[in-house]
There are 2 protein chains.
Amino acid sequence: MKVFISGIDGYLGWTLALYLAARGHDIAGCDLFLRRKWVEEMGSQSATPILSMKERLKVFKIRFQKELLFKEGDLADYNFVFKLFKSFQPEAIVHLGEMPSAPYSMIDVHHCAFTQTNNIVGTLNILYAMKEVCPKAHLIKLGTMGEYGTPNIDIPEGFFTIEYRGRTDTLPFPRQAGSWYHQTKVHDSHNVMFACKIWGLKSTDIMQGVVFGTRIDEMDDDDSLYTRFDFDQCFGTVLNRYCAEAVIHHPISPFGAGKQKRGFLPLRDSMQCLSIAINNPPQEGQYRVFNQFEEVYSVTQLAEKVKKVGNELELDIKISNLENPRQEKEEHYYNPDHCHLLDLGYKPTSDVEQEIKIILKDLIRHKSRIEEKREMLIPDIRWDGTRRKSKFLSEVKK
Amino acid sequence: MKVFISGIDGYLGWTLALYLAARGHDIAGCDLFLRRKWVEEMGSQSATPILSMKERLKVFKIRFQKELLFKEGDLADYNFVFKLFKSFQPEAIVHLGEMPSAPYSMIDVHHCAFTQTNNIVGTLNILYAMKEVCPKAHLIKLGTMGEYGTPNIDIPEGFFTIEYRGRTDTLPFPRQAGSWYHQTKVHDSHNVMFACKIWGLKSTDIMQGVVFGTRIDEMDDDDSLYTRFDFDQCFGTVLNRYCAEAVIHHPISPFGAGKQKRGFLPLRDSMQCLSIAINNPPQEGQYRVFNQFEEVYSVTQLAEKVKKVGNELELDIKISNLENPRQEKEEHYYNPDHCHLLDLGYKPTSDVEQEIKIILKDLIRHKSRIEEKREMLIPDIRWDGTRRKSKFLSEVKK
């Protein structure tokens with residue numbers, strides 16, 4: 001299939017290009033390399049050294065014996081998107097080209113407005129270009145489980161049928177996102193749903209859990225094929241950040257009480273799920289939602305898993321909670337559905353500890369790159385708009 | 001009270017300035033005069049001739065014996081908003097400064113992206129400026145009943161308590177907006193709700209029905225105090241458009257089957273309700289939603305009312321339905337709550353026919369201005385992104 005990936009230089013984007021190319025798909029993609037700039041802006045770097053896109057395209061060609069069609073450009077520029085779709089004629093579009101960090105969006109009004117504008121306009125341009133160029137293509141849109149927030153009832157996959165005052169309807173499940181970034185995904189979901197309704201487009205909106213991992217099998221133990229791995233406060237997801245902390249003997253640091261529950265899945269499962277969505281498109285005009293994660297854990301449960309596996313690798317690890325820079329419920333009910341992907345054949349990796357072991361081993365090889373940016377492990381971006389480094393709660397209590 | 005009105009040059013904005021000034025409030029406001037430009041872009045004009053802002057400020061001063069503090073500028077420019085709030089120190093902020101037209105937002109990708117960016121960023125800038133300058137001020141944010149769409153169950157005021165799989169929670173009512181413009185109001189609602197939650201701001205989010213009317217008593221029958229009155233396909237609301245049609249003997253033209261139901265209220269009631277909201281602010285950190293309308297009517301019921309009143313004024317009127325340029329349900333359940341404002345003392349005008357008579361009399365005086373732009377009464381902006389003039393259904397059927 002001809003698959004277009006926006007944000008193809010990113011953590012998921014580059015990995016997906018390899019995963020799908022290894023399965024015979026034709027890949028095209030675009031990127032503006034903003035992720036590289038944002039991580040630099042945060043004073044950090046990828047733990048895994050990654051190649052430039054120019055070099056990536058060379059190794060891609062050697063590995064898969066075919067070209068990846070790449071264009072540098074801005075999704076907020078409609079003509080750029082339109083021309084790309086016109087020349088590539090995608091059958092599936094995986095939209096990963098958004099600013100993906102909650103703390104980054106909370107820095108100040110400018111980061112907030114940039115995040116909302118960038119994400120919303122990019123998605124709108126993709127929808128319009130689809131309508132004009134390839135209305136039968138399938139949009140796989142990356143959303144987040146964070147769209148739902150933490151309601152006190154079960155979370156269905158996008159829609160729920162409810163009775164209210166004696167009447168019944170099937171409605172979008174209410175969204176209660178917890179950052180300006182997460183709000184953009186809510187806005188996108190509303191916009192994509194509307195475009196499917198009025199233009200007959202088809203889309204799978206992926207409410208993805210927190211992804212962790214350094215690799216997929218298709219990277220062949222080849223450093224030149226690796227994807228980026230961030231550990232700074234903005235672009236490092238929680239389990240990845242714990243692993244980075246573990247390999248440099250920095251305390252593993254859950255935020256606040258540490259009882260926040262989230263859905264998680266390894267990088268390889270994220271790829272498997274996206275691939276399943278691509279291979280099983282919805283009907284014309286259908287907007288469907290997949291909750292994409294393997295299992296729900298509290299952030300403390302994951303910290304304990306990293307500690308356990310780290311100890312097996314003879315890393316000296318302690319867990320020490322940090323002041324929570326976010327405003328979020330630290331203890332709450334959490335029971336989201338995740339049947340749609342399982343019904344389509346998703347086989348979860350299940351062995352989280354094995355996955356953590358792989359991450360730690362990969363990171364140990366690059367631990368000097370984490371050590372160099374050690375300061376970036378402690379968050380200072382607060383939800384109240386100020387900047388103040390979080391202290392360890394054990395220090396605060398003293 | 002010190003009340004700041006964004007979009008103070010608009011249909012509601014200017015009217016509200018007069019209404020509140022007559023009740024002793026201190027008024028400041030801003031505008032970029034985009035509404036004037038958009039209506040010009042549509043090839044139309046206000047049926048009521050209106051003064052420039054420079055002239056408006058002069059008559060305001062004569063009428064109320066005090067200054068209105070006005071600044072021309074863009075809400076999308078954070079520094080502009082910040083400085084305004086800093087100098088005026090508002091106690092209430094009525095945010096009317098958005099692009100308010102569904103068809104305008106549907107013209108093409110550029111109008112769509114402009115609408116979403118303009119409306120979202122303006123609101124975000126206001127929220128940030130409030131947080132920085134006047135966190136105890138009350139934001140009265142203009143949303144629309146259109147945020148809810150037309151679900152098959154009752155529509156509560158913003159939130160509903162539901163049981164789902166044996167557990168209970170109070171959640172935001174799902175939104176299913178029917179245009180890119182209406183979507184911006186949904187996005188705004190999510191953003192404002194979030195800002196109240198994390199920053200302790202207070203806001204009333206007004207889900208307003210369709211407003212109609214040429215005047216309020218505070219205009220003193222004085223032409224120089226009148227607000228604009230649009231009748232073109234983008235900026236003319238349905239009942240106002242009917243009245244414009246009636247006075248030039250153009251068929252009154254409901255769209256499609258004409259069984260679409262909406263909540264409506266006269267301009268004077270909109271002012272009464274906004275004033276009630278201002279005088280009864282919510283608690284710190286509270287985000288509340290008011291459904292602001294007087295009564296639900298189908299668009300055909302209103303057409304018949306205009307015909308009846310018009311006949312009394314010896315206008316020769318027929319009703320002739322047009323092809324619906326929109327994609328919307330033309331027959332549906334519709335039962336929205338509207339108790340909150342009544343509980344706070346809202347006294348609905350009730351006599352819609354009397355209100356229609358006032359509009360028709362006012363418009364008869366200016367009918368040459370409507371006649372000049374007669375062509376603008378027939379819509380050509382379609383929800384599928386094309387431009388094609390709607391035909392009368394009686395012609396289509398032939």
# chains A, B, ... in the order shown; residues from 1 in each chain; ligands from 1

call {"tool": "calpha_fit_and_write", "arguments": {"fixed": "chain A", "moving": "chain B", "output": "tab-separated table (two decimals) with C-alpha atoms, in the first residue's frame"}}
result
chain	number	residue	atom	x	y	z
B	1	MET	CA	-0.02	0.01	0.00
B	2	LYS	CA	1.11	3.61	-0.55
B	3	VAL	CA	1.46	5.02	2.95
B	4	PHE	CA	2.24	8.65	3.68
B	5	ILE	CA	3.70	9.47	7.11
B	6	SER	CA	3.72	13.06	8.36
B	7	GLY	CA	6.33	13.60	11.05
B	8	ILE	CA	8.43	10.80	9.57
B	9	ASP	CA	11.62	12.01	11.29
B	10	GLY	CA	10.09	11.55	14.75
B	11	TYR	CA	10.21	8.82	17.40
B	12	LEU	CA	7.19	6.97	15.98
B	13	GLY	CA	7.45	8.26	12.42
B	14	TRP	CA	10.87	6.88	11.58
B	15	THR	CA	10.13	3.60	13.32
B	16	LEU	CA	6.89	3.23	11.39
B	17	ALA	CA	8.65	3.90	8.08
B	18	LEU	CA	10.98	0.95	8.79
B	19	TYR	CA	8.19	-1.29	10.09
B	20	LEU	CA	5.98	-0.72	7.06
B	21	ALA	CA	8.78	-0.81	4.49
B	22	ALA	CA	9.81	-4.22	5.86
B	23	ARG	CA	6.25	-5.34	5.08
B	24	GLY	CA	6.38	-4.20	1.47
B	25	HIS	CA	4.56	-0.91	1.67
B	26	ASP	CA	5.63	2.12	-0.38
B	27	ILE	CA	6.51	4.93	1.98
B	28	ALA	CA	6.53	8.67	1.57
B	29	GLY	CA	6.73	11.26	4.28
B	30	CYS	CA	7.41	14.81	5.33
B	31	ASP	CA	8.94	16.58	8.27
B	32	LEU	CA	10.02	20.09	9.23
B	33	PHE	CA	12.56	18.75	11.76
B	34	LEU	CA	10.88	20.73	14.53
B	35	ARG	CA	11.25	17.87	17.02
B	36	ARG	CA	15.02	18.13	16.70
B	37	LYS	CA	14.78	21.90	17.31
B	38	TRP	CA	12.38	21.61	20.26
B	39	VAL	CA	14.58	19.09	22.07
B	40	GLU	CA	17.51	21.43	21.47
B	41	GLU	CA	15.41	24.32	22.80
B	42	MET	CA	14.89	22.23	25.96
B	43	GLY	CA	18.67	21.89	26.26
B	44	SER	CA	18.57	18.17	25.64
B	45	GLN	CA	19.33	15.55	23.01
B	46	SER	CA	18.24	12.10	21.93
B	47	ALA	CA	19.91	9.41	24.05
B	48	THR	CA	20.34	7.32	20.91
B	49	PRO	CA	22.49	9.18	18.38
B	50	ILE	CA	20.40	9.48	15.21
B	51	LEU	CA	21.34	10.22	11.65
B	52	SER	CA	20.27	13.24	9.63
B	53	MET	CA	17.34	12.63	7.28
B	54	LYS	CA	19.73	12.76	4.33
B	55	GLU	CA	21.71	9.88	5.83
B	56	ARG	CA	18.57	8.07	6.93
B	57	LEU	CA	17.32	8.04	3.36
B	58	LYS	CA	20.57	6.44	2.23
B	59	VAL	CA	20.48	3.62	4.80
B	60	PHE	CA	16.77	3.13	4.12
B	61	LYS	CA	17.55	2.56	0.46
B	62	ILE	CA	20.30	0.08	1.25
B	63	ARG	CA	18.11	-1.77	3.76
B	64	PHE	CA	14.93	-1.98	1.67
B	65	GLN	CA	16.20	-1.71	-1.89
B	66	LYS	CA	13.84	1.14	-2.62
B	67	GLU	CA	13.46	4.87	-2.17
B	68	LEU	CA	11.58	6.64	0.55
B	69	LEU	CA	10.00	9.76	-0.98
B	70	PHE	CA	10.77	12.52	1.51
B	71	LYS	CA	9.92	16.24	1.44
B	72	GLU	CA	10.92	18.81	4.02
B	73	GLY	CA	8.09	21.23	4.69
B	74	ASP	CA	5.39	22.61	6.92
B	75	LEU	CA	1.98	20.94	7.29
B	76	ALA	CA	0.63	24.39	8.12
B	77	ASP	CA	1.32	25.32	4.47
B	78	TYR	CA	-1.67	23.99	2.53
B	79	ASN	CA	0.03	24.07	-0.85
B	80	PHE	CA	2.86	21.94	0.47
B	81	VAL	CA	0.42	19.26	1.66
B	82	PHE	CA	-1.71	19.46	-1.46
B	83	LYS	CA	1.25	19.01	-3.82
B	84	LEU	CA	2.64	16.13	-1.78
B	85	PHE	CA	-0.62	14.21	-1.90
B	86	LYS	CA	-1.05	15.07	-5.57
B	87	SER	CA	2.31	13.57	-6.48
B	88	PHE	CA	2.27	10.55	-4.12
B	89	GLN	CA	-1.46	9.69	-4.22
B	90	PRO	CA	-1.45	8.03	-0.80
B	91	GLU	CA	-3.85	5.21	0.07
B	92	ALA	CA	-3.19	5.62	3.78
B	93	ILE	CA	-2.00	8.72	5.63
B	94	VAL	CA	-0.54	8.31	9.11
B	95	HIS	CA	-0.56	11.75	10.70
B	96	LEU	CA	2.14	11.93	13.35
B	97	GLY	CA	3.32	15.45	12.50
B	98	GLU	CA	2.24	17.37	15.57
B	99	MET	CA	3.84	18.97	18.60
B	100	PRO	CA	3.48	16.08	21.07
B	101	SER	CA	4.46	17.45	24.48
B	102	ALA	CA	2.17	18.53	27.31
B	103	PRO	CA	4.84	20.47	29.25
B	104	TYR	CA	6.13	22.20	26.10
B	105	SER	CA	2.62	23.50	25.41
B	106	MET	CA	2.36	24.80	28.99
B	107	ILE	CA	5.56	26.91	28.96
B	108	ASP	CA	3.86	30.21	28.16
B	109	VAL	CA	1.21	31.83	25.99
B	110	HIS	CA	3.40	31.67	22.91
B	111	HIS	CA	4.15	27.96	23.22
B	112	CYS	CA	0.47	27.38	23.94
B	113	ALA	CA	-0.76	29.33	20.90
B	114	PHE	CA	1.92	27.78	18.69
B	115	THR	CA	0.96	24.26	19.79
B	116	GLN	CA	-2.73	24.75	19.19
B	117	THR	CA	-2.28	26.54	15.85
B	118	ASN	CA	0.37	24.16	14.56
B	119	ASN	CA	-1.51	20.98	15.42
B	120	ILE	CA	-4.97	22.14	14.37
B	121	VAL	CA	-3.98	23.76	11.08
B	122	GLY	CA	-1.79	20.82	10.05
B	123	THR	CA	-4.69	18.43	10.53
B	124	LEU	CA	-7.15	20.74	8.74
B	125	ASN	CA	-4.77	21.00	5.78
B	126	ILE	CA	-4.46	17.23	5.61
B	127	LEU	CA	-8.26	16.86	5.68
B	128	TYR	CA	-8.75	19.41	2.89
B	129	ALA	CA	-5.95	17.92	0.78
B	130	MET	CA	-7.52	14.47	1.22
B	131	LYS	CA	-10.89	15.80	0.11
B	132	GLU	CA	-9.35	17.41	-2.96
B	133	VAL	CA	-6.80	14.77	-3.97
B	134	CYS	CA	-7.49	11.36	-2.42
B	135	PRO	CA	-10.93	11.22	-0.78
B	136	LYS	CA	-10.80	7.43	-0.62
B	137	ALA	CA	-7.55	7.36	1.36
B	138	HIS	CA	-7.61	6.33	5.01
B	139	LEU	CA	-6.42	8.84	7.60
B	140	ILE	CA	-4.81	7.26	10.64
B	141	LYS	CA	-4.66	10.16	13.05
B	142	LEU	CA	-2.56	10.00	16.19
B	143	GLY	CA	-4.53	11.18	19.20
B	144	THR	CA	-3.91	10.29	22.82
B	145	MET	CA	-5.61	8.49	25.70
B	146	GLY	CA	-5.08	11.83	27.45
B	147	GLU	CA	-8.03	13.24	25.50
B	148	TYR	CA	-10.39	11.46	27.89
B	149	GLY	CA	-8.76	12.62	31.11
B	150	THR	CA	-9.65	10.53	34.16
B	151	PRO	CA	-13.45	10.33	34.47
B	152	ASN	CA	-15.04	8.34	37.26
B	153	ILE	CA	-16.65	5.92	34.79
B	154	ASP	CA	-15.31	3.44	32.25
B	155	ILE	CA	-13.84	4.95	29.09
B	156	PRO	CA	-15.22	3.41	25.89
B	157	GLU	CA	-13.50	3.67	22.51
B	158	GLY	CA	-14.58	7.12	21.36
B	159	PHE	CA	-18.34	6.70	21.54
B	160	PHE	CA	-20.88	5.45	24.05
B	161	THR	CA	-24.56	4.66	23.99
B	162	ILE	CA	-26.36	6.25	26.89
B	163	GLU	CA	-29.83	6.67	28.23
B	164	TYR	CA	-30.62	10.14	29.48
B	165	ARG	CA	-34.04	11.16	30.77
B	166	GLY	CA	-35.64	8.19	29.08
B	167	ARG	CA	-34.15	8.67	25.61
B	168	THR	CA	-31.12	6.99	24.04
B	169	ASP	CA	-28.35	8.10	21.72
B	170	THR	CA	-24.81	7.12	20.76
B	171	LEU	CA	-22.56	10.11	21.33
B	172	PRO	CA	-18.88	11.01	21.39
B	173	PHE	CA	-17.46	10.28	24.85
B	174	PRO	CA	-16.75	13.56	26.71
B	175	ARG	CA	-13.18	14.77	26.62
B	176	GLN	CA	-11.37	16.34	29.59
B	177	ALA	CA	-7.78	16.83	28.49
B	178	GLY	CA	-5.11	17.95	30.92
B	179	SER	CA	-2.81	20.27	28.92
B	180	TRP	CA	-2.94	22.67	25.98
B	181	TYR	CA	-1.27	19.94	23.93
B	182	HIS	CA	-3.81	17.31	24.93
B	183	GLN	CA	-6.54	19.82	24.10
B	184	THR	CA	-5.23	20.04	20.51
B	185	LYS	CA	-5.85	16.33	20.14
B	186	VAL	CA	-9.42	16.85	21.35
B	187	HIS	CA	-9.85	19.68	18.84
B	188	ASP	CA	-8.40	17.46	16.10
B	189	SER	CA	-10.78	14.63	17.00
B	190	HIS	CA	-13.76	16.95	16.64
B	191	ASN	CA	-12.45	18.33	13.34
B	192	VAL	CA	-11.66	14.90	11.87
B	193	MET	CA	-15.04	13.49	12.94
B	194	PHE	CA	-16.77	16.44	11.23
B	195	ALA	CA	-14.76	16.05	8.00
B	196	CYS	CA	-15.68	12.35	7.82
B	197	LYS	CA	-19.32	13.25	8.31
B	198	ILE	CA	-19.60	15.96	5.67
B	199	TRP	CA	-17.09	14.76	3.09
B	200	GLY	CA	-17.32	10.99	3.43
B	201	LEU	CA	-13.65	10.67	4.40
B	202	LYS	CA	-12.59	7.66	6.44
B	203	SER	CA	-10.45	7.91	9.53
B	204	THR	CA	-9.14	5.93	12.47
B	205	ASP	CA	-8.47	8.21	15.42
B	206	ILE	CA	-5.90	6.51	17.63
B	207	MET	CA	-6.18	7.25	21.34
B	208	GLN	CA	-2.70	6.02	22.09
B	209	GLY	CA	-1.35	5.28	25.53
B	210	VAL	CA	2.18	6.14	26.63
B	211	VAL	CA	4.77	4.50	24.38
B	212	PHE	CA	8.12	3.19	25.58
B	213	GLY	CA	11.03	1.46	23.92
B	214	THR	CA	14.23	1.98	21.97
B	215	ARG	CA	13.74	-0.40	19.10
B	216	ILE	CA	11.80	-2.75	16.90
B	217	ASP	CA	13.17	-5.91	15.28
B	218	GLU	CA	13.24	-4.21	11.89
B	219	MET	CA	16.14	-2.02	13.11
B	220	ASP	CA	18.37	-5.12	12.83
B	221	ASP	CA	20.59	-4.11	15.77
B	222	ASP	CA	21.90	-1.50	13.36
B	223	ASP	CA	22.63	1.84	15.03
B	224	SER	CA	22.16	3.68	11.77
B	225	LEU	CA	18.51	2.61	11.68
B	226	TYR	CA	17.68	3.65	15.25
B	227	THR	CA	14.98	6.12	16.13
B	228	ARG	CA	15.37	8.99	18.58
B	229	PHE	CA	14.92	8.45	22.31
B	230	ASP	CA	14.15	11.53	24.40
B	231	PHE	CA	14.37	11.79	28.17
B	232	ASP	CA	13.98	15.51	28.86
B	233	GLN	CA	10.95	16.85	30.77
B	234	CYS	CA	9.08	17.71	27.58
B	235	PHE	CA	9.73	14.96	25.10
B	236	GLY	CA	10.66	12.03	27.32
B	237	THR	CA	7.62	9.88	28.08
B	238	VAL	CA	7.48	8.57	31.61
B	239	LEU	CA	8.82	5.04	31.27
B	240	ASN	CA	11.53	6.12	28.84
B	241	ARG	CA	12.54	8.81	31.31
B	242	TYR	CA	12.72	6.25	34.14
B	243	CYS	CA	15.03	4.06	32.04
B	244	ALA	CA	17.30	7.01	31.26
B	245	GLU	CA	17.42	7.81	34.97
B	246	ALA	CA	18.20	4.20	35.83
B	247	VAL	CA	21.27	3.88	33.63
B	248	ILE	CA	22.97	6.95	35.11
B	249	HIS	CA	22.06	6.06	38.72
B	250	HIS	CA	19.74	9.05	39.00
B	251	PRO	CA	16.72	8.36	41.22
B	252	ILE	CA	13.71	7.13	39.27
B	253	SER	CA	11.23	9.91	39.83
B	254	PRO	CA	7.46	9.46	39.63
B	255	PHE	CA	5.58	12.76	39.96
B	256	GLY	CA	3.60	13.44	43.14
B	257	ALA	CA	1.83	10.56	44.85
B	258	GLY	CA	2.65	8.34	41.87
B	259	LYS	CA	-0.76	6.71	41.78
B	260	GLN	CA	-1.66	8.20	38.40
B	261	LYS	CA	-2.77	5.39	36.11
B	262	ARG	CA	-2.25	5.38	32.38
B	263	GLY	CA	-2.38	2.94	29.50
B	264	PHE	CA	1.07	1.91	28.20
B	265	LEU	CA	2.45	0.02	25.24
B	266	PRO	CA	5.89	-0.82	23.84
B	267	LEU	CA	7.10	0.87	20.65
B	268	ARG	CA	6.87	-2.45	18.78
B	269	ASP	CA	3.19	-2.77	19.76
B	270	SER	CA	2.47	0.77	18.67
B	271	MET	CA	3.83	-0.19	15.24
B	272	GLN	CA	1.83	-3.43	15.20
B	273	CYS	CA	-1.36	-1.53	16.03
B	274	LEU	CA	-0.83	1.23	13.47
B	275	SER	CA	-0.17	-1.44	10.88
B	276	ILE	CA	-3.37	-3.28	11.81
B	277	ALA	CA	-5.32	-0.03	11.45
B	278	ILE	CA	-3.75	0.58	8.03
B	279	ASN	CA	-4.57	-2.92	6.84
B	280	ASN	CA	-8.17	-2.76	8.06
B	281	PRO	CA	-9.56	0.56	6.88
B	282	PRO	CA	-13.00	1.77	7.93
B	283	GLN	CA	-15.92	2.29	5.57
B	284	GLU	CA	-16.33	5.45	3.51
B	285	GLY	CA	-17.50	8.24	5.77
B	286	GLN	CA	-16.67	6.25	8.90
B	287	TYR	CA	-14.86	7.87	11.78
B	288	ARG	CA	-13.76	5.26	14.30
B	289	VAL	CA	-11.73	5.47	17.47
B	290	PHE	CA	-9.22	2.90	18.75
B	291	ASN	CA	-7.92	3.00	22.31
B	292	GLN	CA	-4.37	1.85	21.63
B	293	PHE	CA	-2.52	0.49	24.65
B	294	GLU	CA	-1.57	-2.84	26.12
B	295	GLU	CA	-2.13	-2.55	29.85
B	296	VAL	CA	-2.92	0.02	32.53
B	297	TYR	CA	-0.26	0.65	35.16
B	298	SER	CA	0.28	3.28	37.81
B	299	VAL	CA	3.46	5.29	37.31
B	300	THR	CA	4.79	3.79	40.54
B	301	GLN	CA	4.20	0.22	39.34
B	302	LEU	CA	6.34	1.02	36.32
B	303	ALA	CA	9.04	2.62	38.45
B	304	GLU	CA	9.18	-0.60	40.45
B	305	LYS	CA	9.48	-2.67	37.29
B	306	VAL	CA	12.41	-0.55	36.09
B	307	LYS	CA	14.04	-0.90	39.50
B	308	LYS	CA	13.63	-4.68	39.47
B	309	VAL	CA	14.99	-5.11	35.94
B	310	GLY	CA	17.74	-2.58	36.59
B	311	ASN	CA	18.84	-4.49	39.67
B	312	GLU	CA	19.12	-7.64	37.56
B	313	LEU	CA	21.47	-5.66	35.32
B	314	GLU	CA	23.40	-4.57	38.42
B	315	LEU	CA	22.28	-0.99	38.21
B	316	ASP	CA	22.03	0.72	41.59
B	317	ILE	CA	18.51	2.15	41.58
B	318	LYS	CA	16.30	3.98	44.02
B	319	ILE	CA	12.87	5.48	43.51
B	320	SER	CA	12.31	9.00	44.78
B	321	ASN	CA	9.14	10.92	44.00
B	322	LEU	CA	9.32	14.49	42.71
B	323	GLU	CA	6.94	17.38	43.38
B	324	ASN	CA	4.34	17.13	40.63
B	325	PRO	CA	4.83	20.03	38.19
B	326	ARG	CA	1.46	19.19	36.59
B	327	GLN	CA	-2.04	19.67	37.83
B	328	GLU	CA	-3.65	16.26	37.61
B	329	LYS	CA	-5.49	13.80	39.80
B	330	GLU	CA	-2.89	11.67	41.58
B	331	GLU	CA	-5.39	9.00	42.60
B	332	HIS	CA	-8.37	8.12	40.47
B	333	TYR	CA	-10.54	5.47	38.84
B	334	TYR	CA	-9.26	4.36	35.44
B	335	ASN	CA	-10.78	1.67	33.30
B	336	PRO	CA	-10.58	2.31	29.56
B	337	ASP	CA	-11.78	-0.23	26.99
B	338	HIS	CA	-9.34	-1.54	24.40
B	339	CYS	CA	-11.06	-4.20	22.37
B	340	HIS	CA	-11.12	-2.90	18.81
B	341	LEU	CA	-7.46	-3.63	18.05
B	342	LEU	CA	-7.54	-6.99	19.85
B	343	ASP	CA	-10.58	-7.90	17.74
B	344	LEU	CA	-8.54	-7.11	14.63
B	345	GLY	CA	-5.70	-9.38	15.71
B	346	TYR	CA	-3.41	-7.28	17.92
B	347	LYS	CA	-1.11	-9.59	19.90
B	348	PRO	CA	0.25	-7.64	22.85
B	349	THR	CA	3.92	-8.09	23.73
B	350	SER	CA	2.90	-8.66	27.35
B	351	ASP	CA	6.41	-8.98	28.75
B	352	VAL	CA	7.02	-5.42	29.88
B	353	GLU	CA	10.05	-6.39	31.94
B	354	GLN	CA	11.75	-7.96	28.94
B	355	GLU	CA	11.09	-4.75	27.01
B	356	ILE	CA	12.55	-2.67	29.85
B	357	LYS	CA	15.65	-4.87	29.79
B	358	ILE	CA	16.15	-4.14	26.09
B	359	ILE	CA	15.78	-0.40	26.71
B	360	LEU	CA	18.23	-0.41	29.61
B	361	LYS	CA	20.80	-2.38	27.61
B	362	ASP	CA	20.47	0.00	24.67
B	363	LEU	CA	20.75	3.04	26.92
B	364	ILE	CA	23.75	1.73	28.84
B	365	ARG	CA	25.68	1.95	25.55
B	366	HIS	CA	24.74	5.64	25.29
B	367	LYS	CA	24.71	6.63	28.92
B	368	SER	CA	27.27	9.39	28.45
B	369	ARG	CA	24.74	11.20	26.24
B	370	ILE	CA	22.20	11.05	29.06
B	371	GLU	CA	24.80	11.97	31.69
B	372	GLU	CA	25.67	15.11	29.64
B	373	LYS	CA	22.07	16.29	29.93
B	374	ARG	CA	21.42	14.99	33.41
B	375	GLU	CA	19.96	18.34	34.49
B	376	MET	CA	17.14	17.91	31.98
B	377	LEU	CA	15.66	15.00	33.96
B	378	ILE	CA	14.20	17.31	36.60
B	379	PRO	CA	11.11	19.16	35.39
B	380	ASP	CA	10.66	22.90	35.92
B	381	ILE	CA	7.65	23.69	33.69
B	382	ARG	CA	4.63	24.16	35.93
B	383	TRP	CA	0.98	24.14	34.96
B	384	ASP	CA	0.58	27.56	36.63
B	385	GLY	CA	2.84	29.10	33.99
B	386	THR	CA	5.92	29.51	36.19
B	387	ARG	CA	9.30	27.79	35.90
B	388	ARG	CA	10.57	26.19	39.10
B	389	LYS	CA	12.57	22.96	39.45
B	390	SER	CA	10.65	20.23	41.21
B	391	LYS	CA	12.24	19.03	44.43
B	392	PHE	CA	12.30	15.45	45.62
B	393	LEU	CA	9.40	14.99	48.01
B	394	SER	CA	11.73	13.42	50.58
B	395	GLU	CA	13.63	16.76	50.69
B	396	VAL	CA	10.43	18.80	50.81
B	397	LYS	CA	9.13	16.79	53.76
B	398	LYS	CA	12.32	17.26	55.77

call {"tool": "select_by_dssp", "arguments": {"residues": "stretch 4-136 of chain B", "states": "alpha helix (DSSP H)", "output": "VMD selection string"}}
result
chain B and resid 11 to 21 34 to 41 53 to 64 78 to 88 102 to 106 109 to 133

call {"tool": "decode", "arguments": {"residues": "stretch 249-255 of chain B", "atoms": "N, CA, C and O atoms", "output": "PDB file, in the first residue's frame"}}
result
ATOM      1  N   HIS B 249     -39.903  42.186  -0.737  1.00  0.00           N
ATOM      2  CA  HIS B 249     -40.792  41.274  -1.480  1.00  0.00           C
ATOM      3  C   HIS B 249     -40.047  40.131  -2.144  1.00  0.00           C
ATOM      4  O   HIS B 249     -40.449  39.642  -3.199  1.00  0.00           O
ATOM      5  N   HIS B 250     -38.955  39.739  -1.543  1.00  0.00           N
ATOM      6  CA  HIS B 250     -38.199  38.546  -1.963  1.00  0.00           C
ATOM      7  C   HIS B 250     -38.829  37.379  -1.208  1.00  0.00           C
ATOM      8  O   HIS B 250     -39.229  37.533  -0.056  1.00  0.00           O
ATOM      9  N   PRO B 251     -38.938  36.194  -1.806  1.00  0.00           N
ATOM     10  CA  PRO B 251     -39.512  35.090  -1.031  1.00  0.00           C
ATOM     11  C   PRO B 251     -38.721  34.849   0.251  1.00  0.00           C
ATOM     12  O   PRO B 251     -37.487  34.921   0.243  1.00  0.00           O
ATOM     13  N   ILE B 252     -39.425  34.563   1.312  1.00  0.00           N
ATOM     14  CA  ILE B 252     -38.776  34.149   2.561  1.00  0.00           C
ATOM     15  C   ILE B 252     -38.326  32.706   2.353  1.00  0.00           C
ATOM     16  O   ILE B 252     -39.121  31.860   1.939  1.00  0.00           O
ATOM     17  N   SER B 253     -37.067  32.426   2.645  1.00  0.00           N
ATOM     18  CA  SER B 253     -36.479  31.192   2.135  1.00  0.00           C
ATOM     19  C   SER B 253     -35.830  30.315   3.204  1.00  0.00           C
ATOM     20  O   SER B 253     -34.633  30.367   3.424  1.00  0.00           O
ATOM     21  N   PRO B 254     -36.639  29.469   3.869  1.00  0.00           N
ATOM     22  CA  PRO B 254     -36.034  28.454   4.744  1.00  0.00           C
ATOM     23  C   PRO B 254     -35.198  27.495   3.897  1.00  0.00           C
ATOM     24  O   PRO B 254     -35.484  27.302   2.720  1.00  0.00           O
ATOM     25  N   PHE B 255     -34.160  26.919   4.515  1.00  0.00           N
ATOM     26  CA  PHE B 255     -33.311  25.966   3.798  1.00  0.00           C
ATOM     27  C   PHE B 255     -33.888  24.557   3.905  1.00  0.00           C
ATOM     28  O   PHE B 255     -34.244  24.100   4.997  1.00  0.00           O
TER      29      PHE B 255
END
